[in-house]
$ cat structure.txt   # compact mmCIF, C-alpha atoms and all ligand atoms
# COMPACT_ATOMS: atom_id res chain seq x y z
CA MET A 20 0.00 0.00 0.00
CA THR A 21 1.37 3.38 -0.99
CA ARG A 22 1.56 5.86 1.80
CA HIS A 23 1.24 9.54 1.21
CA ASP A 24 3.81 11.84 2.64
CA VAL A 25 2.09 12.20 5.96
CA THR A 26 3.96 9.71 8.07
CA GLN A 27 6.21 12.14 9.87
CA HIS A 28 4.68 12.75 13.22
CA GLU A 29 5.62 12.78 16.81
CA VAL A 30 4.09 10.99 19.74
CA ILE A 31 4.30 12.70 23.06
CA PRO A 32 4.57 9.70 25.35
CA VAL A 33 3.84 11.43 28.62
CA ILE A 34 3.01 14.80 30.04
CA GLY A 35 3.18 14.38 33.76
CA ASN A 36 6.49 12.60 34.02
CA PRO A 37 8.53 13.69 31.06
CA ALA A 38 11.88 12.16 30.30
CA PRO A 39 14.71 14.55 31.24
CA HIS A 40 15.12 15.83 27.71
CA ARG A 41 11.43 16.68 27.60
CA ARG A 42 11.17 18.79 30.73
CA GLY A 43 9.11 21.88 30.21
CA VAL A 44 6.66 22.29 27.38
CA PRO A 45 6.74 19.21 25.15
CA ASP A 46 7.74 19.76 21.57
CA VAL A 47 4.55 19.09 19.68
CA ALA A 48 5.54 20.39 16.28
CA HIS A 49 5.96 17.99 13.40
CA ALA A 50 5.73 17.85 9.66
CA SER A 51 2.41 16.13 9.14
CA GLY A 52 0.52 18.45 11.45
CA ALA A 53 -1.04 15.57 13.40
CA HIS A 54 -0.47 15.33 17.13
CA PHE A 55 -0.97 12.35 19.39
CA ALA A 56 -0.40 12.66 23.13
CA PHE A 57 -0.80 10.26 26.04
CA THR A 58 -0.57 11.25 29.69
CA ASP A 59 0.69 9.28 32.64
CA ARG A 60 -0.39 9.79 36.26
CA TRP A 61 2.24 12.29 37.39
CA GLY A 62 2.40 16.07 37.49
CA GLY A 63 -1.13 16.90 38.66
CA VAL A 64 -2.72 18.10 41.88
CA SER A 65 -5.18 15.32 42.70
CA ALA A 66 -4.82 13.53 46.02
CA ALA A 67 -4.82 9.76 46.48
CA PRO A 68 -6.42 7.60 45.21
CA HIS A 69 -6.56 9.84 42.12
CA ALA A 70 -3.01 11.11 42.43
CA GLU A 71 -1.75 12.95 40.63
CA LEU A 72 -2.82 13.87 37.09
CA ASN A 73 -6.38 12.56 37.08
CA LEU A 74 -8.15 13.90 34.00
CA GLY A 75 -11.46 12.10 34.50
CA GLY A 76 -14.40 14.12 35.75
CA ALA A 77 -16.62 11.25 36.88
CA VAL A 78 -14.42 9.20 39.16
CA GLY A 79 -15.04 10.87 42.51
CA ASP A 80 -12.14 13.31 42.39
CA ASP A 81 -12.36 16.98 43.42
CA PRO A 82 -13.70 18.83 40.33
CA GLU A 83 -11.36 21.74 40.98
CA ALA A 84 -8.38 19.39 40.93
CA VAL A 85 -9.56 17.91 37.64
CA ARG A 86 -9.91 21.40 36.16
CA THR A 87 -6.41 22.27 37.26
CA ASN A 88 -5.04 19.00 35.88
CA ARG A 89 -6.76 19.49 32.54
CA ALA A 90 -5.36 23.02 32.35
CA ARG A 91 -1.86 21.76 33.14
CA ALA A 92 -2.06 19.03 30.53
CA ALA A 93 -3.34 21.45 27.90
CA ARG A 94 -0.62 23.95 28.72
CA ALA A 95 2.03 21.26 28.40
CA LEU A 96 0.61 20.35 25.00
CA GLY A 97 0.23 23.90 23.78
CA ILE A 98 -3.52 23.60 23.30
CA ASP A 99 -6.49 25.48 24.74
CA ALA A 100 -7.99 23.58 27.69
CA ALA A 101 -11.40 25.15 27.05
CA SER A 102 -11.62 23.75 23.55
CA VAL A 103 -10.75 20.11 24.28
CA VAL A 104 -13.70 17.85 23.46
CA TRP A 105 -14.34 15.19 26.12
CA MET A 106 -16.85 12.35 26.11
CA ASN A 107 -19.26 10.73 28.50
CA GLN A 108 -17.98 7.23 27.76
CA VAL A 109 -20.42 4.36 28.16
CA HIS A 110 -18.69 1.39 26.47
CA GLY A 111 -20.80 1.71 23.33
CA LYS A 112 -20.07 2.36 19.67
CA ASP A 113 -21.78 5.70 19.06
CA VAL A 114 -19.71 8.38 17.35
CA ALA A 115 -20.25 12.12 17.66
CA VAL A 116 -19.07 14.43 14.88
CA VAL A 117 -18.00 17.69 16.48
CA ASP A 118 -16.79 21.06 15.29
CA GLY A 119 -16.19 22.64 18.68
CA PRO A 120 -16.32 21.99 22.40
CA TRP A 121 -19.68 21.13 23.96
CA GLN A 122 -21.46 24.37 24.74
CA THR A 123 -23.53 23.78 27.84
CA GLY A 124 -25.38 21.02 29.60
CA GLU A 125 -24.66 17.35 29.42
CA ILE A 126 -21.80 15.83 27.52
CA PRO A 127 -23.27 13.24 25.14
CA ALA A 128 -22.85 9.53 25.89
CA VAL A 129 -20.55 8.44 23.09
CA ASP A 130 -17.34 6.45 22.87
CA ALA A 131 -15.87 8.06 19.80
CA LEU A 132 -15.40 11.53 18.35
CA VAL A 133 -14.62 12.74 14.85
CA THR A 134 -13.86 16.25 13.72
CA ALA A 135 -13.03 18.03 10.49
CA ARG A 136 -12.01 21.09 12.47
CA ARG A 137 -8.24 21.56 12.47
CA GLY A 138 -6.91 22.65 15.83
CA LEU A 139 -9.74 21.01 17.77
CA ALA A 140 -8.40 18.46 20.25
CA LEU A 141 -10.36 15.27 20.93
CA ALA A 142 -9.77 13.40 24.20
CA VAL A 143 -10.29 9.84 25.42
CA LEU A 144 -10.24 8.87 29.10
CA THR A 145 -8.97 5.46 30.14
CA ALA A 146 -7.60 3.38 32.99
CA ASP A 147 -6.93 -0.02 31.34
CA CYS A 148 -9.24 0.32 28.31
CA THR A 149 -7.59 1.00 24.96
CA PRO A 150 -7.47 4.58 23.65
CA VAL A 151 -7.33 4.83 19.85
CA LEU A 152 -6.26 8.05 18.15
CA LEU A 153 -6.61 8.60 14.41
CA ALA A 154 -5.81 11.39 11.99
CA ASP A 155 -5.76 11.93 8.24
CA PRO A 156 -3.60 15.05 8.00
CA VAL A 157 -4.33 15.51 4.29
CA ALA A 158 -8.10 15.51 4.67
CA GLY A 159 -7.88 17.31 8.00
CA ILE A 160 -9.96 14.70 9.80
CA ALA A 161 -9.21 13.48 13.32
CA GLY A 162 -10.87 10.75 15.35
CA ALA A 163 -10.64 9.28 18.82
CA ALA A 164 -12.20 6.18 20.34
CA HIS A 165 -12.50 4.49 23.71
CA ALA A 166 -12.22 0.76 23.15
CA GLY A 167 -12.60 -1.52 26.10
CA ARG A 168 -13.89 -5.06 25.82
CA PRO A 169 -17.50 -3.99 25.13
CA GLY A 170 -16.38 -1.36 22.63
CA LEU A 171 -14.18 -3.80 20.78
CA LEU A 172 -17.08 -6.22 20.57
CA ALA A 173 -19.59 -3.54 19.60
CA GLY A 174 -17.30 -2.21 16.87
CA VAL A 175 -16.47 1.29 18.04
CA VAL A 176 -13.25 1.21 16.00
CA PRO A 177 -14.93 0.42 12.65
CA ALA A 178 -17.58 2.99 13.58
CA VAL A 179 -15.13 5.82 14.12
CA VAL A 180 -13.09 4.97 11.03
CA GLY A 181 -16.29 4.76 9.00
CA GLU A 182 -17.30 8.22 10.09
CA MET A 183 -13.86 9.58 9.19
CA LEU A 184 -14.10 8.04 5.71
CA ARG A 185 -17.56 9.51 5.24
CA LEU A 186 -16.06 12.95 5.86
CA GLY A 187 -13.28 12.44 3.34
CA ALA A 188 -10.49 10.58 5.09
CA GLU A 189 -8.76 7.72 3.29
CA PRO A 190 -7.61 4.54 5.06
CA ASP A 191 -4.05 4.60 3.73
CA ARG A 192 -3.58 8.18 4.90
CA ILE A 193 -4.89 7.62 8.42
CA LEU A 194 -2.27 7.62 11.15
CA ALA A 195 -3.42 5.40 14.02
CA HIS A 196 -1.92 5.40 17.49
CA ILE A 197 -2.92 3.00 20.24
CA GLY A 198 -2.30 4.29 23.76
CA PRO A 199 -1.44 2.56 27.02
CA SER A 200 -3.86 -0.14 28.17
CA VAL A 201 -3.94 -3.39 30.11
CA CYS A 202 -2.01 -6.08 28.23
CA GLY A 203 -3.35 -9.47 27.20
CA PRO A 204 -1.54 -11.55 29.83
CA CYS A 205 -2.89 -9.24 32.57
CA TYR A 206 -6.51 -9.12 31.43
CA GLU A 207 -7.96 -12.32 32.81
CA VAL A 208 -11.59 -13.03 31.93
CA PRO A 209 -13.98 -15.98 32.23
CA GLU A 210 -13.67 -18.60 29.50
CA ALA A 211 -17.10 -17.79 28.08
CA MET A 212 -16.23 -14.10 27.81
CA ARG A 213 -13.02 -14.85 25.95
CA ALA A 214 -14.92 -17.13 23.60
CA GLU A 215 -17.56 -14.49 22.90
CA VAL A 216 -15.03 -11.78 22.09
CA ALA A 217 -12.70 -14.06 20.13
CA GLU A 218 -15.58 -15.24 17.98
CA ALA A 219 -16.02 -11.65 16.79
CA VAL A 220 -12.35 -10.63 16.92
CA PRO A 221 -10.07 -13.70 16.92
CA GLU A 222 -6.93 -11.63 17.46
CA ALA A 223 -8.15 -10.65 20.94
CA TRP A 224 -7.80 -14.24 22.19
CA ALA A 225 -5.12 -14.38 24.88
CA THR A 226 -3.98 -16.27 27.94
CA THR A 227 -2.55 -15.09 31.22
CA ARG A 228 0.94 -16.09 32.31
CA ARG A 229 -0.75 -18.80 34.36
CA GLY A 230 -2.48 -20.12 31.28
CA THR A 231 -5.99 -18.94 32.15
CA PRO A 232 -8.33 -17.20 29.67
CA ALA A 233 -7.57 -13.58 28.87
CA LEU A 234 -8.20 -10.89 26.26
CA ASP A 235 -5.80 -8.72 24.29
CA ILE A 236 -7.99 -5.73 23.53
CA ALA A 237 -5.23 -3.67 21.90
CA GLY A 238 -4.42 -6.64 19.68
CA GLY A 239 -8.05 -6.79 18.70
CA VAL A 240 -8.11 -3.08 17.94
CA ARG A 241 -5.02 -3.45 15.78
CA ALA A 242 -6.69 -6.27 13.84
CA GLN A 243 -9.89 -4.28 13.34
CA LEU A 244 -7.88 -1.33 12.01
CA GLY A 245 -5.94 -3.65 9.72
CA ARG A 246 -9.13 -5.04 8.22
CA LEU A 247 -10.15 -1.47 7.43
CA GLY A 248 -6.85 -0.79 5.68
CA VAL A 249 -5.56 1.42 8.48
CA ALA A 250 -1.98 0.73 9.59
CA VAL A 251 -0.99 1.30 13.19
CA ALA A 252 1.71 3.95 13.19
CA GLY A 253 2.42 3.65 16.89
CA ALA A 254 1.35 1.52 19.83
CA SER A 255 2.23 2.04 23.47
CA ALA A 256 4.34 -0.67 25.08
CA VAL A 257 2.92 0.26 28.49
CA CYS A 258 0.64 -2.13 30.34
CA THR A 259 -1.39 0.09 32.65
CA LEU A 260 -1.90 -2.67 35.20
CA GLU A 261 1.83 -3.34 35.43
CA SER A 262 2.95 0.30 35.36
CA ALA A 263 3.12 2.27 38.59
CA ASP A 264 3.17 5.42 36.43
CA HIS A 265 -0.33 4.82 35.04
CA PHE A 266 -3.85 4.55 36.40
CA SER A 267 -5.29 1.04 36.36
CA TYR A 268 -8.89 0.29 37.21
CA ARG A 269 -8.16 -3.41 37.54
CA ARG A 270 -5.31 -2.79 39.97
CA GLU A 271 -6.75 0.04 42.04
CA HIS A 272 -10.49 0.11 41.35
CA THR A 273 -10.93 3.66 42.66
CA THR A 274 -8.39 5.59 40.66
CA GLY A 275 -7.88 8.39 38.16
CA ARG A 276 -8.07 8.47 34.38
CA LEU A 277 -5.36 8.94 31.80
CA ALA A 278 -6.12 11.07 28.77
CA SER A 279 -5.16 10.60 25.14
CA TYR A 280 -5.37 13.64 22.85
CA VAL A 281 -5.38 13.98 19.09
CA TRP A 282 -5.48 17.15 17.02
CA LEU A 283 -4.35 18.56 13.72
CA ASP A 284 -2.57 21.84 13.25
CA GLY A 285 -4.98 24.65 12.58
ZN ZN A 301 0.18 -6.45 31.67
$ encode --input "structure.txt" --output "structure tokens"
Amino acid sequence: MTRHDVTQHEVIPVIGNPAPHRRGVPDVAHASGAHFAFTDRWGGVSAAPHAELNLGGAVGDDPEAVRTNRARAARALGIDAASVVWMNQVHGKDVAVVDGPWQTGEIPAVDALVTARRGLALAVLTADCTPVLLADPVAGIAGAAHAGRPGLLAGVVPAVVGEMLRLGAEPDRILAHIGPSVCGPCYEVPEAMRAEVAEAVPEAWATTRRGTPALDIAGGVRAQLGRLGVAVAGASAVCTLESADHFSYRREHTTGRLASYVWLDG
């Protein structure tokens, strides 16, 4: 498959706990104009059990702390905190097409966002589920999806890609980045659950290190993207459950949320 000249891009691996050479404002400039950023748990103001950089607004944290954290993350990324589009994620497959931040009232219950507005940042919240960021820099279309086990099964990834294509994106131009999530060997599930998911997405079939049934959701996401003709340009090597630098629902139950951001240069 021929790729257009849009493959130069930069992933910002963390905001809260930058590597020494990244201290200060991360360098988010790159040739393609597509930006993909994934936070870790450090650098915010939330107290335990949401310490420190909790970006989720519905996990029992102090709303003022979340506001401060979101402002810090946006500042580190060089984007406007007020214009980031968040979701009320419900483990479904609904996609909202947006051209600006939600005005007032309730944030819609969707698990994916698509925009044709350059400069508008889309955000996914996770703590073990798989964040999927997509951008076609040529068409100026960005997408973001929250893919946990139910989302993988429901098809939120094909849904968000489908919406991007409808707006003019092309599969071989889409840059896909998969963020940090729980790995296959750590995501133990009942046998029947593994069978149900693997019937729909065989690549999600996994086993734990003890040999018990498990699911590789990121692997399933990668396979779904592949079937749509979308190559994965980058995938996090972090397992949230194994990493002390990331929030993990499975490990901590009451905990914060990581955020993954995608946007195109305006
Ligand atoms: Zn793991």
$ closest_atom_pairs --input "structure.txt" --of "chain A" --to "ligand ZN 301 (chain A)" --cutoff "7 Å" --atoms "all atoms listed in the file" --output "tab-separated table"
residue	atom	partner	partner_atom	distance
A:Val201	CA	A:ZN301	ZN	5.4
A:Cys202	CA	A:ZN301	ZN	4.1
A:Gly203	CA	A:ZN301	ZN	6.4
A:Pro204	CA	A:ZN301	ZN	5.7
A:Cys205	CA	A:ZN301	ZN	4.2
A:Cys258	CA	A:ZN301	ZN	4.5
A:Thr259	CA	A:ZN301	ZN	6.8
A:Leu260	CA	A:ZN301	ZN	5.6
A:Glu261	CA	A:ZN301	ZN	5.2
$ residues_around --input "structure.txt" --residues "Ile193 in chain A" --least-positions-apart "5" --cutoff "10 Å" --atoms "only C-alpha atoms" --output "ChimeraX atom specification"
/A:22-23,25-26,152-158,160-162,180,183-184,188,248-252
$ residues_around --input "structure.txt" --residues "Ala84 in chain A" --least-positions-apart "3" --cutoff "12 Å" --atoms "all atoms listed in the file" --output "PDB file with C-alpha atoms, keeping the file's coordinate frame"
ATOM      1  CA  GLY A  62       2.400  16.070  37.490  1.00  0.00           C
ATOM      2  CA  GLY A  63      -1.130  16.900  38.660  1.00  0.00           C
ATOM      3  CA  VAL A  64      -2.720  18.100  41.880  1.00  0.00           C
ATOM      4  CA  SER A  65      -5.180  15.320  42.700  1.00  0.00           C
ATOM      5  CA  ALA A  66      -4.820  13.530  46.020  1.00  0.00           C
ATOM      6  CA  ALA A  67      -4.820   9.760  46.480  1.00  0.00           C
ATOM      7  CA  HIS A  69      -6.560   9.840  42.120  1.00  0.00           C
ATOM      8  CA  ALA A  70      -3.010  11.110  42.430  1.00  0.00           C
ATOM      9  CA  GLU A  71      -1.750  12.950  40.630  1.00  0.00           C
ATOM     10  CA  LEU A  72      -2.820  13.870  37.090  1.00  0.00           C
ATOM     11  CA  ASN A  73      -6.380  12.560  37.080  1.00  0.00           C
ATOM     12  CA  LEU A  74      -8.150  13.900  34.000  1.00  0.00           C
ATOM     13  CA  GLY A  75     -11.460  12.100  34.500  1.00  0.00           C
ATOM     14  CA  GLY A  76     -14.400  14.120  35.750  1.00  0.00           C
ATOM     15  CA  VAL A  78     -14.420   9.200  39.160  1.00  0.00           C
ATOM     16  CA  GLY A  79     -15.040  10.870  42.510  1.00  0.00           C
ATOM     17  CA  ASP A  80     -12.140  13.310  42.390  1.00  0.00           C
ATOM     18  CA  ASP A  81     -12.360  16.980  43.420  1.00  0.00           C
ATOM     19  CA  THR A  87      -6.410  22.270  37.260  1.00  0.00           C
ATOM     20  CA  ASN A  88      -5.040  19.000  35.880  1.00  0.00           C
ATOM     21  CA  ARG A  89      -6.760  19.490  32.540  1.00  0.00           C
ATOM     22  CA  ALA A  90      -5.360  23.020  32.350  1.00  0.00           C
ATOM     23  CA  ARG A  91      -1.860  21.760  33.140  1.00  0.00           C
ATOM     24  CA  GLY A 275      -7.880   8.390  38.160  1.00  0.00           C
TER      25      GLY A 275
END
$ residues_near_point --input "structure.txt" --point "(-1.1, -13.9, 36.8)" --cutoff "10 Å" --atoms "only C-alpha atoms" --output "compact mmCIF listing (two decimals) with C-alpha atoms, keeping the file's coordinate frame"
# COMPACT_ATOMS: atom_id res chain seq x y z
CA PRO A 204 -1.54 -11.55 29.83
CA CYS A 205 -2.89 -9.24 32.57
CA TYR A 206 -6.51 -9.12 31.43
CA GLU A 207 -7.96 -12.32 32.81
CA THR A 226 -3.98 -16.27 27.94
CA THR A 227 -2.55 -15.09 31.22
CA ARG A 228 0.94 -16.09 32.31
CA ARG A 229 -0.75 -18.80 34.36
CA GLY A 230 -2.48 -20.12 31.28
CA THR A 231 -5.99 -18.94 32.15
$ atom_distance --input "structure.txt" --atom1 "CA of Ser51 in chain A" --atom2 "CA of Arg136 in chain A"
15.6 Å
$ residues_around --input "structure.txt" --residues "Thr149 in chain A" --least-positions-apart "5" --cutoff "12 Å" --atoms "all atoms listed in the file" --output "number ranges by chain"
A: 57, 110, 130, 143-144, 163-171, 175-176, 196-203, 234-241, 254-255, 257-259, 267, 277-279
$ closest_residue --input "structure.txt" --among "A:Met106, A:Ala142, A:Ala242, A:Ala101" --to "Pro127 in chain A" --atoms "all atoms listed in the file"
A:Met106
$ atom_distance --input "structure.txt" --atom1 "CA of Ala195 in chain A" --atom2 "CA of Val104 in chain A"
18.7 Å
$ closest_residue --input "structure.txt" --among "A:Gly187, A:Pro177, A:Gly285, A:Gly111" --to "Arg246 in chain A" --atoms "only C-alpha atoms"
A:Pro177
$ atom_distance --input "structure.txt" --atom1 "CA of Leu132 in chain A" --atom2 "CA of Ala214 in chain A"
29.1 Å
$ closest_residue --input "structure.txt" --among "A:Val116, A:Trp282, A:Arg185, A:Ala211" --to "Asp99 in chain A" --atoms "all atoms listed in the file"
A:Trp282
$ closest_residue --input "structure.txt" --among "A:Val133, A:Ala219, A:Gly97, A:Tyr268" --to "Asp113 in chain A" --atoms "only C-alpha atoms"
A:Val133
